[in-house]
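Asks: My file is query16.txt. It has compact mmCIF, C-alpha atoms:
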# COMPACT_ATOMS: atom_id res chain seq x y z
CA MET S 1 125.21 -94.04 -79.99
CA ASP S 2 122.86 -91.45 -78.54
CA HIS S 3 122.88 -87.91 -79.84
CA THR S 4 120.77 -84.81 -79.52
CA GLU S 5 119.64 -81.96 -81.74
CA ILE S 6 117.34 -78.96 -81.40
CA GLU S 7 114.11 -78.90 -83.41
CA ALA S 8 111.57 -76.06 -83.04
CA GLY S 9 112.85 -75.26 -79.55
CA VAL S 10 112.66 -78.92 -78.48
CA GLU S 11 115.77 -80.96 -77.73
CA VAL S 12 115.51 -84.34 -79.48
CA LEU S 13 117.38 -87.18 -77.76
CA THR S 14 117.93 -90.45 -79.59
CA ALA S 15 118.28 -93.82 -77.89
CA ARG S 16 121.12 -96.29 -77.68
CA ASP S 17 120.66 -100.07 -77.51
CA VAL S 18 121.66 -101.66 -74.21
CA PRO S 19 121.51 -105.38 -73.19
CA LEU S 20 119.50 -105.88 -69.99
CA GLY S 21 120.27 -108.66 -67.53
CA GLY S 22 122.50 -111.63 -68.12
CA PRO S 23 123.92 -113.48 -71.14
CA ARG S 24 120.46 -114.14 -72.60
CA ALA S 25 119.58 -110.50 -72.28
CA MET S 26 116.78 -108.63 -73.96
CA THR S 27 117.80 -105.35 -75.57
CA VAL S 28 116.36 -102.04 -74.41
CA ARG S 29 116.51 -98.57 -75.94
CA ARG S 30 117.92 -96.06 -73.43
CA THR S 31 117.28 -92.32 -73.75
CA LEU S 32 118.20 -91.24 -70.21
CA PRO S 33 120.82 -90.65 -69.01
CA GLN S 34 123.12 -89.48 -71.79
CA ARG S 35 125.79 -86.86 -72.24
CA ALA S 36 123.34 -84.17 -73.32
CA ARG S 37 120.89 -84.73 -70.48
CA THR S 38 121.04 -86.42 -67.09
CA PHE S 39 117.57 -85.55 -65.81
CA ILE S 40 114.08 -84.49 -66.82
CA GLY S 41 112.77 -83.32 -63.48
CA ALA S 42 113.99 -86.05 -61.13
CA TRP S 43 113.54 -88.66 -63.89
CA CYS S 44 117.08 -89.95 -64.42
CA PHE S 45 116.71 -93.18 -66.38
CA ALA S 46 114.42 -94.26 -69.22
CA ASP S 47 114.51 -97.66 -70.90
CA HIS S 48 112.03 -98.50 -73.66
CA TYR S 49 111.69 -102.07 -74.89
CA GLY S 50 109.67 -104.19 -77.31
CA PRO S 51 107.46 -105.25 -78.75
CA ASP S 52 109.58 -108.37 -78.17
CA ARG S 53 108.29 -111.83 -78.99
CA VAL S 54 109.26 -113.72 -75.88
CA ALA S 55 109.66 -117.02 -77.76
CA GLU S 56 112.47 -115.38 -79.74
CA SER S 57 113.98 -112.90 -77.25
CA GLY S 58 113.71 -115.01 -74.10
CA GLY S 59 111.74 -112.24 -72.40
CA MET S 60 112.79 -110.56 -69.17
CA ASP S 61 114.62 -112.49 -66.48
CA VAL S 62 116.53 -110.16 -64.17
CA ALA S 63 117.97 -111.96 -61.15
CA PRO S 64 118.09 -110.41 -57.66
CA HIS S 65 119.87 -107.07 -57.86
CA PRO S 66 120.15 -104.02 -55.57
CA HIS S 67 119.14 -100.36 -55.69
CA THR S 68 119.96 -97.28 -53.62
CA GLY S 69 118.89 -93.65 -53.80
CA LEU S 70 116.05 -94.01 -56.30
CA GLN S 71 112.52 -95.11 -57.12
CA THR S 72 111.83 -97.55 -59.96
CA VAL S 73 108.73 -97.20 -62.16
CA SER S 74 107.48 -100.08 -64.31
CA TRP S 75 104.84 -99.42 -66.99
CA LEU S 76 103.75 -101.94 -69.62
CA PHE S 77 101.98 -101.72 -72.98
CA SER S 78 101.72 -105.51 -73.35
CA GLY S 79 102.76 -108.59 -71.41
CA GLU S 80 103.12 -109.17 -67.69
CA ILE S 81 106.10 -108.97 -65.33
CA GLU S 82 106.38 -110.68 -61.97
CA HIS S 83 108.05 -108.58 -59.27
CA ARG S 84 109.56 -109.87 -56.05
CA ASP S 85 111.51 -107.73 -53.58
CA SER S 86 113.23 -107.83 -50.21
CA LEU S 87 110.19 -106.27 -48.53
CA GLY S 88 108.48 -109.58 -49.24
CA THR S 89 106.38 -108.12 -52.05
CA HIS S 90 105.19 -110.52 -54.74
CA ALA S 91 103.19 -108.64 -57.38
CA CYS S 92 102.62 -108.52 -61.12
CA VAL S 93 102.55 -105.46 -63.32
CA ARG S 94 100.19 -105.50 -66.28
CA PRO S 95 99.41 -103.01 -69.04
CA GLY S 96 97.93 -99.82 -67.65
CA GLU S 97 99.28 -100.39 -64.13
CA ILE S 98 102.22 -98.84 -62.31
CA ASN S 99 104.61 -100.58 -59.94
CA LEU S 100 106.68 -98.04 -58.03
CA MET S 101 109.42 -99.31 -55.72
CA THR S 102 111.44 -97.11 -53.38
CA GLY S 103 115.02 -98.23 -52.90
CA GLY S 104 116.36 -95.43 -50.73
CA HIS S 105 118.90 -96.84 -48.26
CA GLY S 106 118.73 -100.22 -49.99
CA ILE S 107 116.42 -102.78 -51.56
CA SER S 108 116.77 -105.76 -53.89
CA HIS S 109 114.30 -107.24 -56.35
CA THR S 110 113.71 -109.45 -59.38
CA GLU S 111 111.78 -108.86 -62.60
CA VAL S 112 110.65 -111.84 -64.68
CA SER S 113 108.16 -111.94 -67.55
CA THR S 114 105.41 -114.46 -66.80
CA PRO S 115 104.99 -117.77 -68.68
CA GLY S 116 101.80 -116.50 -70.30
CA THR S 117 103.51 -113.46 -71.82
CA THR S 118 103.97 -113.76 -75.57
CA VAL S 119 104.84 -110.13 -76.38
CA LEU S 120 106.69 -107.90 -73.92
CA HIS S 121 106.53 -104.14 -74.48
CA GLY S 122 106.89 -101.21 -72.10
CA VAL S 123 109.14 -98.78 -70.25
CA GLN S 124 111.31 -98.96 -67.16
CA LEU S 125 111.99 -95.59 -65.50
CA TRP S 126 114.00 -94.38 -62.51
CA VAL S 127 113.52 -91.33 -60.31
CA ALA S 128 116.46 -89.89 -58.33
CA LEU S 129 115.65 -89.25 -54.68
CA PRO S 130 116.62 -85.81 -53.33
CA ASP S 131 119.48 -85.81 -50.86
CA GLU S 132 117.26 -85.40 -47.80
CA HIS S 133 115.29 -88.53 -48.74
CA ARG S 134 117.91 -90.68 -50.45
CA HIS S 135 118.06 -93.07 -47.47
CA ALA S 136 114.28 -93.46 -47.32
CA PRO S 137 113.01 -96.87 -46.18
CA ARG S 138 111.93 -99.55 -48.64
CA GLU S 139 108.44 -99.20 -50.04
CA PHE S 140 106.32 -100.68 -52.82
CA GLN S 141 103.24 -99.05 -54.39
CA HIS S 142 100.87 -100.36 -57.06
CA HIS S 143 98.18 -98.37 -58.87
CA ALA S 144 95.91 -98.90 -61.87
CA PRO S 145 94.90 -95.43 -63.12
CA GLY S 146 91.65 -94.95 -64.96
CA THR S 147 91.52 -93.89 -68.60
CA ILE S 148 90.80 -90.19 -69.13
CA ARG S 149 89.32 -89.05 -72.43
CA VAL S 150 90.16 -85.56 -73.73
CA ASP S 151 89.54 -84.09 -77.16
CA GLY S 152 92.02 -85.85 -79.45
CA ALA S 153 93.53 -88.33 -76.99
CA GLU S 154 93.09 -90.69 -74.09
CA LEU S 155 95.50 -90.86 -71.22
CA ARG S 156 96.41 -92.68 -68.04
CA VAL S 157 98.11 -90.56 -65.39
CA PHE S 158 100.36 -92.81 -63.31
CA LEU S 159 102.24 -90.03 -61.45
CA GLY S 160 101.30 -86.44 -60.70
CA THR S 161 98.50 -84.50 -62.36
CA LEU S 162 97.44 -83.99 -65.99
CA ALA S 163 94.12 -82.93 -67.54
CA GLY S 164 92.51 -82.72 -64.10
CA ASP S 165 93.42 -86.29 -63.08
CA THR S 166 95.80 -86.95 -60.18
CA SER S 167 97.60 -90.14 -59.25
CA PRO S 168 97.66 -91.14 -55.56
CA VAL S 169 101.16 -92.65 -55.88
CA ARG S 170 103.64 -90.91 -53.57
CA THR S 171 106.94 -89.46 -54.74
CA PHE S 172 109.63 -87.36 -53.04
CA THR S 173 109.68 -84.55 -55.62
CA PRO S 174 106.82 -83.27 -57.81
CA LEU S 175 106.59 -85.45 -60.92
CA LEU S 176 104.42 -86.10 -63.94
CA GLY S 177 104.13 -89.48 -65.64
CA ALA S 178 101.37 -90.33 -68.11
CA GLU S 179 100.69 -92.56 -71.10
CA VAL S 180 99.09 -90.46 -73.85
CA LEU S 181 97.44 -92.21 -76.80
CA ILE S 182 96.84 -89.60 -79.52
CA ASP S 183 94.05 -90.21 -82.03
CA ALA S 184 94.92 -90.65 -85.70
CA GLY S 185 95.53 -87.24 -87.26
CA ALA S 186 94.72 -85.42 -84.01
CA THR S 187 96.31 -82.53 -82.14
CA VAL S 188 95.93 -82.23 -78.37
CA THR S 189 97.10 -79.38 -76.12
CA PHE S 190 97.64 -79.82 -72.38
CA ASP S 191 97.95 -77.11 -69.75
CA VAL S 192 101.17 -77.80 -67.83
CA ASP S 193 103.05 -76.36 -64.88
CA PRO S 194 105.51 -73.72 -66.22
CA GLY S 195 107.91 -74.67 -63.43
CA PHE S 196 108.26 -78.16 -64.90
CA GLU S 197 110.50 -79.37 -67.67
CA HIS S 198 108.97 -82.14 -69.78
CA GLY S 199 110.00 -85.09 -71.89
CA LEU S 200 107.89 -86.93 -74.45
CA LEU S 201 108.98 -90.47 -75.30
CA VAL S 202 107.44 -91.80 -78.52
CA ASP S 203 106.56 -95.47 -78.57
CA GLU S 204 104.82 -95.53 -81.93
CA GLY S 205 103.50 -93.00 -84.42
CA ASP S 206 104.48 -89.85 -86.32
CA VAL S 207 104.45 -87.33 -83.46
CA ARG S 208 105.29 -83.67 -83.06
CA LEU S 209 105.94 -81.99 -79.72
CA ASP S 210 105.34 -78.23 -80.00
CA GLY S 211 106.10 -78.59 -83.71
CA ALA S 212 109.28 -80.69 -83.35
CA PRO S 213 109.11 -84.06 -85.15
CA LEU S 214 109.88 -87.13 -83.06
CA ARG S 215 110.44 -90.65 -84.35
CA PRO S 216 109.63 -93.79 -82.37
CA ALA S 217 112.12 -94.33 -79.48
CA GLU S 218 113.14 -90.65 -79.49
CA LEU S 219 112.63 -88.42 -76.46
CA GLY S 220 111.71 -84.78 -76.94
CA TYR S 221 112.78 -82.38 -74.17
CA ALA S 222 110.86 -79.15 -73.49
CA SER S 223 112.43 -76.67 -71.07
CA PRO S 224 110.55 -74.94 -68.22
CA GLY S 225 108.48 -71.84 -68.89
CA ARG S 226 105.83 -73.41 -71.10
CA THR S 227 102.23 -73.20 -69.90
CA THR S 228 101.01 -75.63 -72.57
CA LEU S 229 102.34 -78.59 -74.54
CA THR S 230 100.92 -79.47 -77.94
CA LEU S 231 101.13 -83.05 -79.23
CA THR S 232 100.29 -83.82 -82.86
CA ASN S 233 99.86 -87.22 -84.45
CA GLY S 234 100.52 -87.01 -88.19
CA SER S 235 99.80 -90.67 -88.86
CA ASP S 236 96.59 -92.46 -89.79
CA ARG S 237 96.50 -94.60 -86.67
CA PRO S 238 96.80 -93.82 -82.95
CA ALA S 239 100.23 -92.77 -81.64
CA ARG S 240 101.40 -93.89 -78.21
CA THR S 241 103.66 -91.69 -76.06
CA ILE S 242 104.89 -91.38 -72.48
CA LEU S 243 104.90 -87.84 -71.04
CA LEU S 244 107.31 -87.16 -68.17
CA GLY S 245 107.89 -83.98 -66.20
CA GLY S 246 109.04 -82.31 -63.02
CA PRO S 247 110.82 -79.22 -61.74
CA PRO S 248 114.53 -79.18 -62.67
CA PHE S 249 116.57 -81.42 -60.35
CA GLU S 250 119.56 -79.30 -59.40
CA GLU S 251 121.52 -81.78 -57.30
CA ARG S 252 124.60 -83.59 -58.54
CA ILE S 253 124.42 -87.37 -58.37
CA VAL S 254 126.76 -90.28 -58.88
CA MET S 255 124.99 -92.99 -60.86
CA TRP S 256 126.68 -96.36 -61.38
CA TRP S 257 125.15 -99.77 -62.09
CA ASN S 258 121.96 -99.85 -59.96
CA PHE S 259 123.11 -97.31 -57.37
CA ILE S 260 122.60 -93.58 -57.02
CA GLY S 261 124.71 -91.69 -54.49
CA ARG S 262 126.43 -88.36 -54.09
CA SER S 263 130.05 -89.47 -54.15
CA HIS S 264 132.34 -92.20 -55.44
CA GLN S 265 132.61 -93.49 -51.87
CA ASP S 266 128.81 -93.93 -51.67
CA ILE S 267 129.06 -96.30 -54.65
CA VAL S 268 132.07 -98.16 -53.26
CA GLU S 269 130.24 -98.78 -49.97
CA ALA S 270 126.98 -99.87 -51.64
CA ARG S 271 128.81 -102.27 -53.94
CA GLU S 272 130.80 -103.75 -51.07
CA GLU S 273 127.66 -104.28 -48.98
CA TRP S 274 125.88 -105.98 -51.90
CA GLU S 275 128.83 -108.27 -52.56
CA ARG S 276 128.95 -109.43 -48.95
CA ALA S 277 125.14 -109.84 -48.82
CA SER S 278 124.68 -107.37 -45.96
CA ASP S 279 121.28 -106.67 -44.43
CA ARG S 280 121.21 -103.32 -46.22
CA PHE S 281 119.57 -104.89 -49.30
CA GLY S 282 117.77 -107.83 -47.73
CA THR S 283 116.98 -111.00 -49.65
CA VAL S 284 114.47 -111.89 -52.34
CA ASP S 285 112.54 -115.11 -51.81
CA GLY S 286 111.13 -117.26 -54.58
CA TYR S 287 113.62 -116.64 -57.39
CA PRO S 288 115.12 -119.89 -58.76
CA GLY S 289 118.66 -118.65 -59.30
CA GLU S 290 121.64 -116.73 -57.99
CA ARG S 291 121.93 -113.01 -57.27
CA LEU S 292 123.51 -110.76 -59.88
CA PRO S 293 127.11 -109.99 -58.93
CA ALA S 294 128.14 -106.36 -59.07
CA PRO S 295 130.44 -105.45 -61.95
CA ALA S 296 133.97 -104.31 -61.24
CA LEU S 297 134.35 -100.66 -60.35
CA PRO S 298 136.08 -98.44 -62.92
CA ASN S 299 139.72 -97.55 -62.33
CA ALA S 300 138.84 -93.86 -62.30
CA VAL S 301 136.87 -91.98 -59.65
CA ILE S 302 133.19 -91.75 -60.63
CA THR S 303 132.41 -88.06 -60.81
CA PRO S 304 129.06 -86.48 -59.89
CA ARG S 305 126.92 -85.32 -62.78
CA LYS S 306 124.04 -82.94 -63.37
CA ASN S 307 122.37 -81.50 -66.43
CA PRO S 308 124.65 -79.47 -68.68
CA SER S 309 124.11 -75.73 -68.98
CA PRO S 310 121.25 -74.69 -71.29
CA ARG S 311 122.20 -74.65 -74.94
Go ahead and render the structure in this file as structure tokens.

Replies:
Amino acid sequence: MDHTEIEAGVEVLTARDVPLGGPRAMTVRRTLPQRARTFIGAWCFADHYGPDRVAESGGMDVAPHPHTGLQTVSWLFSGEIEHRDSLGTHACVRPGEINLMTGGHGISHTEVSTPGTTVLHGVQLWVALPDEHRHAPREFQHHAPGTIRVDGAELRVFLGTLAGDTSPVRTFTPLLGAEVLIDAGATVTFDVDPGFEHGLLVDEGDVRLDGAPLRPAELGYASPGRTTLTLTNGSDRPARTILLGGPPFEERIVMWWNFIGRSHQDIVEAREEWERASDRFGTVDGYPGERLPAPALPNAVITPRKNPSPR
């Protein structure tokens, strides 16, 4: 079960294990959303998985499923995932590359690890679309950022700007997303936008964020107002992290299954349209299997959520 605590002014969020996909599901570690925190900027969902040996875990095989009101971000450390969507996109994501898919009004897609993948390891992230753009048309973007070397670390900026490098990938709110590989025993300090809140997800290593210790799979949250962030690797080998950020997202959202809306009725309508295979989500060609059925709705009304008040 996830929980949170405050260390050196940083909120430390632990992950919970969640099965992904069908009966032969791989397990992911989820740090967003949870009771203590719904968003970091507009980032509203963070799954961290692997390293999984595909021969043992079965890898990733997520049948056609829908999305509304969000953008999906796929980022890998190892392996390869084949993506197909109802735009007609057929693309692979590989380590050091970003696939960003916009499912505003509605999109459907599949994610399958490729036959040549032996170890699957990476993150799957979602971004909530602001109300004025939550019915945006379908879109798919792919980008392979270059590696930037700074004193004490190397990084790849896949969204936004960090250390003077800017990603060309388009988003609907200001965002930061970067993989930061910290040298063994090194400390690195980044200038950051004081209007942003930030989250640091640790993949591997003994890491401190502004002095707060973080274990692998934990997410450290730093509130707005900071002009710098200091990352320290206390181990004798490189530490890998994902740095996320954005201005606080003040809207309330309803988030259920693969849908983001603003009301219970938004979810009811999206689910109904998926179940009757309406044109809203289109169809995915090339997947050798059936679509994922939507789960049953809860008996209670799904209530909108936002971040809790500062602690």

Asks: If we count all atoms listed in the file, what is near segment 65-73 of chain S at a cut-off of 7 Å, once residues fewer than 6 positions away on the same chain are taken out, given as a PyMOL selection string?

Replies: chain S and resi 98-110+124-129+134-135+258-261+281+291-292

Asks: Within 6 Å of segment 172-177 of chain S, counting only C-alpha atoms, which residues show up once you throw out same-chain ones fewer than 3 positions away? Write them as a PDB file with C-alpha atoms, in the coordinates of the input, please.

Replies:
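Wrote selection_29.pdb, looks like this:
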ATOM      1  CA  PHE S 158     100.360 -92.810 -63.310  1.00  0.00           C
ATOM      2  CA  LEU S 159     102.240 -90.030 -61.450  1.00  0.00           C
ATOM      3  CA  GLY S 160     101.300 -86.440 -60.700  1.00  0.00           C
ATOM      4  CA  LEU S 243     104.900 -87.840 -71.040  1.00  0.00           C
ATOM      5  CA  LEU S 244     107.310 -87.160 -68.170  1.00  0.00           C
ATOM      6  CA  GLY S 245     107.890 -83.980 -66.200  1.00  0.00           C
ATOM      7  CA  GLY S 246     109.040 -82.310 -63.020  1.00  0.00           C
TER       8      GLY S 246
END

Asks: Which distance in Å separates atom CA of Glu290 of chain S and atom CA of Trp256 of chain S, to one decimal?

Replies: 21.3 Å

Asks: Compile the contact shell of Ala239 of chain S as an mmCIF file with C-alpha atoms, in the coordinates of the input: residues with an atom at most 9 Å away, counting all atoms listed in the file, same-chain residues fewer than 5 positions apart removed.

Replies:
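The resulting around35.cif:
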data_model
loop_
_atom_site.group_PDB
_atom_site.id
_atom_site.type_symbol
_atom_site.label_atom_id
_atom_site.label_comp_id
_atom_site.auth_asym_id
_atom_site.auth_seq_id
_atom_site.Cartn_x
_atom_site.Cartn_y
_atom_site.Cartn_z
ATOM 1 C CA VAL S 180 99.090 -90.460 -73.850
ATOM 2 C CA LEU S 181 97.440 -92.210 -76.800
ATOM 3 C CA ILE S 182 96.840 -89.600 -79.520
ATOM 4 C CA ASP S 183 94.050 -90.210 -82.030
ATOM 5 C CA ALA S 184 94.920 -90.650 -85.700
ATOM 6 C CA VAL S 202 107.440 -91.800 -78.520
ATOM 7 C CA ASP S 203 106.560 -95.470 -78.570
ATOM 8 C CA GLU S 204 104.820 -95.530 -81.930
ATOM 9 C CA GLY S 205 103.500 -93.000 -84.420
ATOM 10 C CA ASP S 206 104.480 -89.850 -86.320
ATOM 11 C CA VAL S 207 104.450 -87.330 -83.460
ATOM 12 C CA ASN S 233 99.860 -87.220 -84.450
ATOM 13 C CA GLY S 234 100.520 -87.010 -88.190
#

Asks: Excluding segment 3-8 of chain S and residues on its chain fewer than 4 positions from it, collect all residues at most 9 Å away from it, counting all atoms listed in the file, and give them as a count of residues only.

Replies: 13

Asks: Kindly give the distance, in Å, that separates atom CA of Arg37 of chain S and atom CA of Pro224 of chain S, rounded to a single decimal.

Replies: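 The value is 14.4 Å.
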
Asks: If we count all atoms listed in the file, what is near Val28 of chain S at a cut-off of 6 Å, once residues fewer than 3 positions away on the same chain are taken out, given as number ranges by chain?

Replies: S: 17-18, 47-49

Asks: Produce a file of the selected residues containing C-alpha atoms, as a compact mmCIF listing (two decimals), keeping the file's coordinate frame.

Replies:
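Dumped everything to again_12.txt:
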# COMPACT_ATOMS: atom_id res chain seq x y z
CA ASP S 17 120.66 -100.07 -77.51
CA VAL S 18 121.66 -101.66 -74.21
CA ASP S 47 114.51 -97.66 -70.90
CA HIS S 48 112.03 -98.50 -73.66
CA TYR S 49 111.69 -102.07 -74.89

Asks: I'd like to know which of S:Glu111, S:Glu273, S:Glu197, S:Asp236 is closest to Ala91 of chain S, using all atoms listed in the file.

Replies: S:Glu111

Asks: Taking all atoms listed in the file into account, which of S:Thr161, S:Thr27, S:Thr147, S:Thr166 comes nearest His121 of chain S?

Replies: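 With all atoms listed in the file as the atom set, the closest residue is S:Thr27.
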
Asks: Which of these, S:Ser167, S:Val188, S:Cys44, S:Glu139, has the shortest distance to Asp151 of chain S once you count all atoms listed in the file?

Replies: S:Val188

Asks: What's the separation between atom CA of Val268 of chain S and atom CA of Thr31 of chain S, in Å to one decimal place?

Replies: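 The value is 25.9 Å.
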
Asks: With distances taken over all atoms listed in the file, which residue among S:Gly122, S:Glu154, S:Phe249, S:Pro51 lies nearest Ala186 of chain S?

Replies: S:Glu154

Asks: Pick from S:Thr241, S:Ser263, S:Thr187, S:Thr38: nearest to Leu155 of chain S, with all atoms listed in the file counted?

Replies: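 Smallest distance to Leu155 of chain S is found for S:Thr241.
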
Asks: If the box runs along x, y and z of the file and leaves 5 Å on each side of segment 219-232 of chain S, what are its centre and edge lengths in Å, one decimal, as JSON?

Replies:
{"center_x": 106.5, "center_y": -80.1, "center_z": -75.5, "size_x": 22.5, "size_y": 26.6, "size_z": 24.6}

Asks: Could you check the closest approach to Asp52 of chain S for each of S:Ser74, S:Thr118, S:Gln141, S:Gln265 and tell me which residue wins, using all atoms listed in the file?

Replies: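 Looking at the shortest contact to Asp52 of chain S, the residue is S:Thr118.
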